[in-house]
Amino acid sequence: MHLHYVGLDLAWGENRPSGLAVLDDGGRLVHVSAARTDDEIADGLARYVEGECLVGVDAPILVTNATGNRPAEAALNRDFARFDAGAHPVNTGKPEFRDGTRAQRLTQRLGLDVNPRSGRSRRAIEVYPHPATVALFRLGRTLKYKNKAGRDVAGLRAELLVLMGLLEGLAAAEVAMHVAGPAWAGLRRAVEGASRKSELRVVEDQVDAIVCAYVAMLAARAPESVTTYAEEGPEGWRSGYIVTPTLPADHAPTPRERRAAATTQERIQAAVREYAVQHPALARAGEQVVDLVRAVLDEAGINYLTVDGRTKSIASFAEKAARTQEGQPLYPHPLRDITDQIGVRVITYVHSDVDAVADLLASQVVVKDDRDMGQETAEEGRWGYASRHLLIELDAGRQREPAYAALQDRVAQVQIRTVLQHAWAEFEHDIRYKGTMPEEHARDFDRRFTLAAGLLELADREFSTIRDRIREAPGGRQPAVDEPDDPRLDPRELAAFLAGQYADAGWSRTDHYAWISGLLLELGITSLDELGEAIRPALAWDLNERMDYRYPPGAVRRLDDALLAVYGDRYIALHGNAHRAELLRQRLAKLRPEG
């Protein structure tokens with residue numbers, strides 16, 4: 001049996017939907033759904049509560065008072081009412097609780113102990129999402145995603161998206177929750193496409209259930225970080241209780257009064273809400289800019305280790321928007337001033353390729369800013385963080401291409417660094433900025449990081465020298481991967497052949513040798529003798545001069561040019577070239593200008 005943390009956003013009556021959510025013992029969301037009747041809820045949770053579990057229930061479990069608030073509500077309201085996160089009065093005078101509570105009946109049916117101090121393996125506790133989100137995310141007031149008079153669909157949708165973004169950010173929390181997956185993606189799509197409040201309500205209950213599940217996990221794994229509001233005394237919990245993350249002592253609510261000029265905090269909150277609304281479109285733009293950078297580098301034949309990207313999470317954006325320096329906001333207009341909302345990282349093998357990638361991108365897109373962080377560090381007379389940072393946007397031609405529709409009128413940050421620079425930056429960031437550097441060792445660690453940065457810069461220089469000399473040496477052998485059962489030309493043998501054929505060529509990516517072997521197979525070329533004969537006519541043509549390369553193309557790109565020049569439209573029509581047919585036609589016009 002596995003341990004499960006269950007969240008149940010329980011409606012007080014069966015005429016409204018309830019939300020169900022389950023986290024596994026690794027904090028991963030494994031189930032989320034909606035249900036109405038007690039039978040549906042019990043059936044939906046049965047497999048997750050038959051073993052060790054802790055269930056967080058957003059509904060009163062124990063109610064004994066005839067009127068007014070329970071002691072638990074009164075205590076919680078003293079802390080959270082000023083954040084709009086107070087609890088509604090609960091008493092047996094209400095029809096819903098006259099004959100006991102729905103939550104109590106369900107927990108008894110499932111055989112769960114409801115004592116919050118119990119050490120039993122199958123338990124349930126009462127939780128409350130509103131104060132939980134205020135404490136977890138330091139919200140100035142609760143997010144207004146609940147349907148009330150005067151709130152429209154657009155506003156409710158925006159607030160719910162903010163909450164979902166904050167929950168996604170808990171993947172980086174000390175007690176981590178990972179919601180990413182098909183179920184979560186489905187909830188997001190439902191919110192983004194909702195046009196009626198009823199459609200939002202169904203998702204809202206399930207999102208609240210996920211909050212409940214996280215509070216349950218927090219209570220189990222970090223009990224010192226939660227507070228149990230209850231009547232005083234060892235048996236005070238019997239009159240009802242609420243468990244919620246502890247309110248930070250220094251946290252204050254957003255002022256209610258309206259002023260002509262919005263406060264800094266209000267502007268930040270407005271920016272975060274707008275960012276949450278834009279986030280799905282930004283994520284699509286992030287995927288497109290990664291595709292664009294990869295296509296540009298592959299088309300130019302520049303070798304690189306990886307190209308990947310990310311869209312800044314809503315929680316990360318909110319944290320950055322709130323940064324100050326000497327009491328003043330670092331980003332007065334967060335949506336405009338925070339320029340790394342969409343990010344791409346290019347990792348190269350050697351330092352000379354960093355400049356090649358930057359120059360190539362400058363020739364293909366609009367570069368709005370270009371900062372060489374390593375050069376800036378060197379000019380200050382020290383060693384440290386080294387990376388080339390470009391701020392790019394689409395050129396006029398690509399602005400009209402459907403493939404980059406989500407990128408139109410957006411900027412993206414591209415970080416370019418060597419694999420050694422990347423290793424230093426990642427390690428230094430983990431140690432220095434994630435709180436794992438002991439204060440008493442800070443100066444010594446600074447010195448050691450500086451020493452490591454200097455050594456890695458020397459190593460980068462040596463790697464560049466090694467590669468340059470290999471390029472100069474005749475017949476230098478290139479890397480490849482052996483696929484013994486592959487009907488294509490053996491990639492290792494192809495690499496050796498191309499190294500002799502194009503002695504002045506740069507390295508190509510290892511996987512590109514196997515890729516072009518597939519194109520050769522489509523052409524019916526299965527031996528090196530056949531390949532040599534096929535490209536013989538191209539040896540008399542100065543294809544490099546016709547293409548006007550700014551950087552030495554790799555061996556695979558040289559072969560690609562030769563095959564395109566010799567076979568023309570037949571080469572373009574190969575199945576393996578379907579994704580780049582238009583680019584090949586443009587290259588063919590350069591390679592065979594006479595037609």
# chains A, B, ... in the order shown; residues from 1 in each chain; ligands from 1
>>> residues_around(residues="Gly86 (chain A)", least_positions_apart="3", cutoff="12 Å", atoms="only C-alpha atoms", output="list in words")
Asn69, Ala72, Glu73, Ala74, Ala75, Leu76, Asn77, Arg78, Asp79, Phe80, Ala81, Arg82, Phe83, Pro89, Tyr128, Pro129, His130, Pro131, Ala132, Val134, Arg141, Thr142 and Ile242 of chain A
>>> select_by_dssp(residues="region 10-138 of chain A", states="strand (DSSP E or B)", output="ChimeraX atom specification")
/A:18-23,28-35,53-57,98,100,113,122-127
>>> residues_around(residues="region 388-391 of chain A", least_positions_apart="3", cutoff="6 Å", atoms="only C-alpha atoms", output="NGL selection string")
:A and (367-373 or 412-416)
>>> write_last_selection(atoms="all heavy atoms", output="tab-separated table (two decimals), in the first residue's frame")
chain	number	residue	atom	x	y	z
A	367	VAL	N	17.52	41.64	-32.69
A	367	VAL	CA	18.14	41.61	-31.36
A	367	VAL	C	17.97	42.98	-30.73
A	367	VAL	O	18.57	43.96	-31.17
A	367	VAL	CB	19.63	41.21	-31.44
A	367	VAL	CG1	20.26	41.28	-30.05
A	367	VAL	CG2	19.78	39.81	-32.02
A	368	LYS	N	17.16	43.05	-29.67
A	368	LYS	CA	16.88	44.32	-29.01
A	368	LYS	C	17.92	44.65	-27.95
A	368	LYS	O	18.10	45.81	-27.58
A	368	LYS	CB	15.49	44.29	-28.37
A	368	LYS	CG	14.35	44.08	-29.37
A	368	LYS	CD	13.01	43.94	-28.70
A	368	LYS	CE	12.55	45.25	-28.06
A	368	LYS	NZ	12.24	46.27	-29.07
A	369	ASP	N	18.59	43.61	-27.43
A	369	ASP	CA	19.63	43.84	-26.43
A	369	ASP	C	20.61	42.67	-26.48
A	369	ASP	O	20.21	41.53	-26.75
A	369	ASP	CB	19.01	43.95	-25.03
A	369	ASP	CG	20.02	44.41	-23.98
A	369	ASP	OD1	20.83	45.30	-24.30
A	369	ASP	OD2	19.99	43.89	-22.86
A	370	ASP	N	21.87	42.95	-26.23
A	370	ASP	CA	22.92	41.92	-26.28
A	370	ASP	C	23.91	42.20	-25.16
A	370	ASP	O	24.62	43.21	-25.19
A	370	ASP	CB	23.62	41.95	-27.65
A	370	ASP	CG	24.68	40.85	-27.79
A	370	ASP	OD1	24.97	40.17	-26.80
A	370	ASP	OD2	25.21	40.70	-28.90
A	371	ARG	N	23.93	41.35	-24.16
A	371	ARG	CA	24.84	41.53	-23.02
A	371	ARG	C	25.72	40.30	-22.88
A	371	ARG	O	25.24	39.17	-22.79
A	371	ARG	CB	24.06	41.73	-21.72
A	371	ARG	CG	23.26	43.01	-21.65
A	371	ARG	CD	22.63	43.18	-20.27
A	371	ARG	NE	23.65	43.31	-19.23
A	371	ARG	CZ	23.37	43.34	-17.92
A	371	ARG	NH1	22.11	43.21	-17.51
A	371	ARG	NH2	24.34	43.48	-17.03
A	372	ASP	N	27.01	40.54	-22.89
A	372	ASP	CA	27.98	39.48	-22.64
A	372	ASP	C	28.34	39.54	-21.17
A	372	ASP	O	29.17	40.34	-20.74
A	372	ASP	CB	29.22	39.68	-23.52
A	372	ASP	CG	30.17	38.49	-23.45
A	372	ASP	OD1	30.15	37.77	-22.44
A	372	ASP	OD2	30.93	38.29	-24.41
A	373	MET	N	27.69	38.71	-20.36
A	373	MET	CA	27.87	38.78	-18.91
A	373	MET	C	29.29	38.40	-18.51
A	373	MET	O	29.84	38.94	-17.55
A	373	MET	CB	26.87	37.85	-18.21
A	373	MET	CG	25.43	38.02	-18.68
A	373	MET	SD	24.80	39.69	-18.41
A	373	MET	CE	24.59	39.69	-16.64
A	412	ALA	N	11.79	37.51	-26.29
A	412	ALA	CA	12.27	36.33	-25.58
A	412	ALA	C	13.73	36.53	-25.24
A	412	ALA	O	14.48	37.15	-26.00
A	412	ALA	CB	12.09	35.07	-26.43
A	413	GLN	N	14.14	36.02	-24.11
A	413	GLN	CA	15.55	36.07	-23.73
A	413	GLN	C	16.22	34.77	-24.14
A	413	GLN	O	15.72	33.68	-23.87
A	413	GLN	CB	15.71	36.26	-22.22
A	413	GLN	CG	17.16	36.45	-21.80
A	413	GLN	CD	17.34	36.45	-20.29
A	413	GLN	OE1	17.40	35.41	-19.66
A	413	GLN	NE2	17.40	37.64	-19.71
A	414	VAL	N	17.35	34.91	-24.82
A	414	VAL	CA	18.15	33.74	-25.22
A	414	VAL	C	19.47	33.79	-24.47
A	414	VAL	O	20.23	34.76	-24.60
A	414	VAL	CB	18.42	33.71	-26.74
A	414	VAL	CG1	19.22	32.47	-27.10
A	414	VAL	CG2	17.11	33.75	-27.52
A	415	GLN	N	19.74	32.78	-23.65
A	415	GLN	CA	21.01	32.66	-22.95
A	415	GLN	C	21.89	31.66	-23.71
A	415	GLN	O	21.44	30.56	-24.01
A	415	GLN	CB	20.81	32.18	-21.52
A	415	GLN	CG	20.01	33.14	-20.65
A	415	GLN	CD	19.84	32.63	-19.24
A	415	GLN	OE1	20.31	31.55	-18.87
A	415	GLN	NE2	19.16	33.41	-18.41
A	416	ILE	N	23.11	32.06	-24.00
A	416	ILE	CA	24.03	31.21	-24.74
A	416	ILE	C	25.29	31.03	-23.89
A	416	ILE	O	25.91	32.04	-23.50
A	416	ILE	CB	24.42	31.83	-26.10
A	416	ILE	CG1	23.17	32.38	-26.82
A	416	ILE	CG2	25.13	30.81	-26.98
A	416	ILE	CD1	23.51	33.32	-27.95
>>> atom_distance(atom1="CA of Tyr275 (chain A)", atom2="CA of Ser313 (chain A)")
9.4 Å
>>> atom_distance(atom1="CA of Leu559 (chain A)", atom2="CA of Thr348 (chain A)")
22.3 Å
>>> residues_around(residues="region 150-164 of chain A", least_positions_apart="2", cutoff="6 Å", atoms="only C-alpha atoms", output="ChimeraX atom specification")
/A:143-145,148,166-167,197,273,276-277
>>> write_last_selection(atoms="N, CA, C and O atoms", output="short mmCIF file (atom, residue, chain, number, x, y, z; two decimals), in the first residue's frame")
data_model
loop_
_atom_site.label_atom_id
_atom_site.label_comp_id
_atom_site.auth_asym_id
_atom_site.auth_seq_id
_atom_site.Cartn_x
_atom_site.Cartn_y
_atom_site.Cartn_z
N LEU A 143 -7.80 35.44 -3.28
CA LEU A 143 -8.10 35.54 -4.70
C LEU A 143 -9.61 35.41 -4.89
O LEU A 143 -10.26 34.55 -4.29
N LYS A 144 -10.17 36.27 -5.74
CA LYS A 144 -11.63 36.34 -5.87
C LYS A 144 -12.12 35.46 -7.02
O LYS A 144 -12.65 35.93 -8.01
N TYR A 145 -11.95 34.14 -6.86
CA TYR A 145 -12.41 33.23 -7.89
C TYR A 145 -13.74 32.57 -7.54
O TYR A 145 -14.26 31.77 -8.31
N LYS A 148 -19.63 35.56 -6.74
CA LYS A 148 -20.44 36.42 -5.89
C LYS A 148 -21.01 37.54 -6.75
O LYS A 148 -20.55 37.77 -7.87
N LEU A 166 0.05 29.62 -9.09
CA LEU A 166 0.73 29.53 -7.79
C LEU A 166 0.89 28.07 -7.36
O LEU A 166 1.93 27.68 -6.81
N LEU A 167 -0.11 27.26 -7.62
CA LEU A 167 0.00 25.84 -7.28
C LEU A 167 1.07 25.16 -8.12
O LEU A 167 1.80 24.29 -7.62
N LYS A 197 -20.18 30.90 -15.65
CA LYS A 197 -19.72 30.72 -14.27
C LYS A 197 -19.86 29.27 -13.82
O LYS A 197 -19.03 28.77 -13.05
N ARG A 273 -2.00 39.12 -12.02
CA ARG A 273 -3.26 38.61 -12.54
C ARG A 273 -3.26 38.61 -14.07
O ARG A 273 -3.67 37.65 -14.71
N ALA A 276 -1.10 35.85 -15.35
CA ALA A 276 -1.76 34.55 -15.26
C ALA A 276 -2.69 34.33 -16.44
O ALA A 276 -2.77 33.22 -16.99
N VAL A 277 -3.40 35.39 -16.84
CA VAL A 277 -4.29 35.27 -18.00
C VAL A 277 -3.49 34.99 -19.27
O VAL A 277 -3.88 34.20 -20.11
#
>>> atom_distance(atom1="CA of Arg570 (chain A)", atom2="CA of Glu545 (chain A)")
23.3 Å
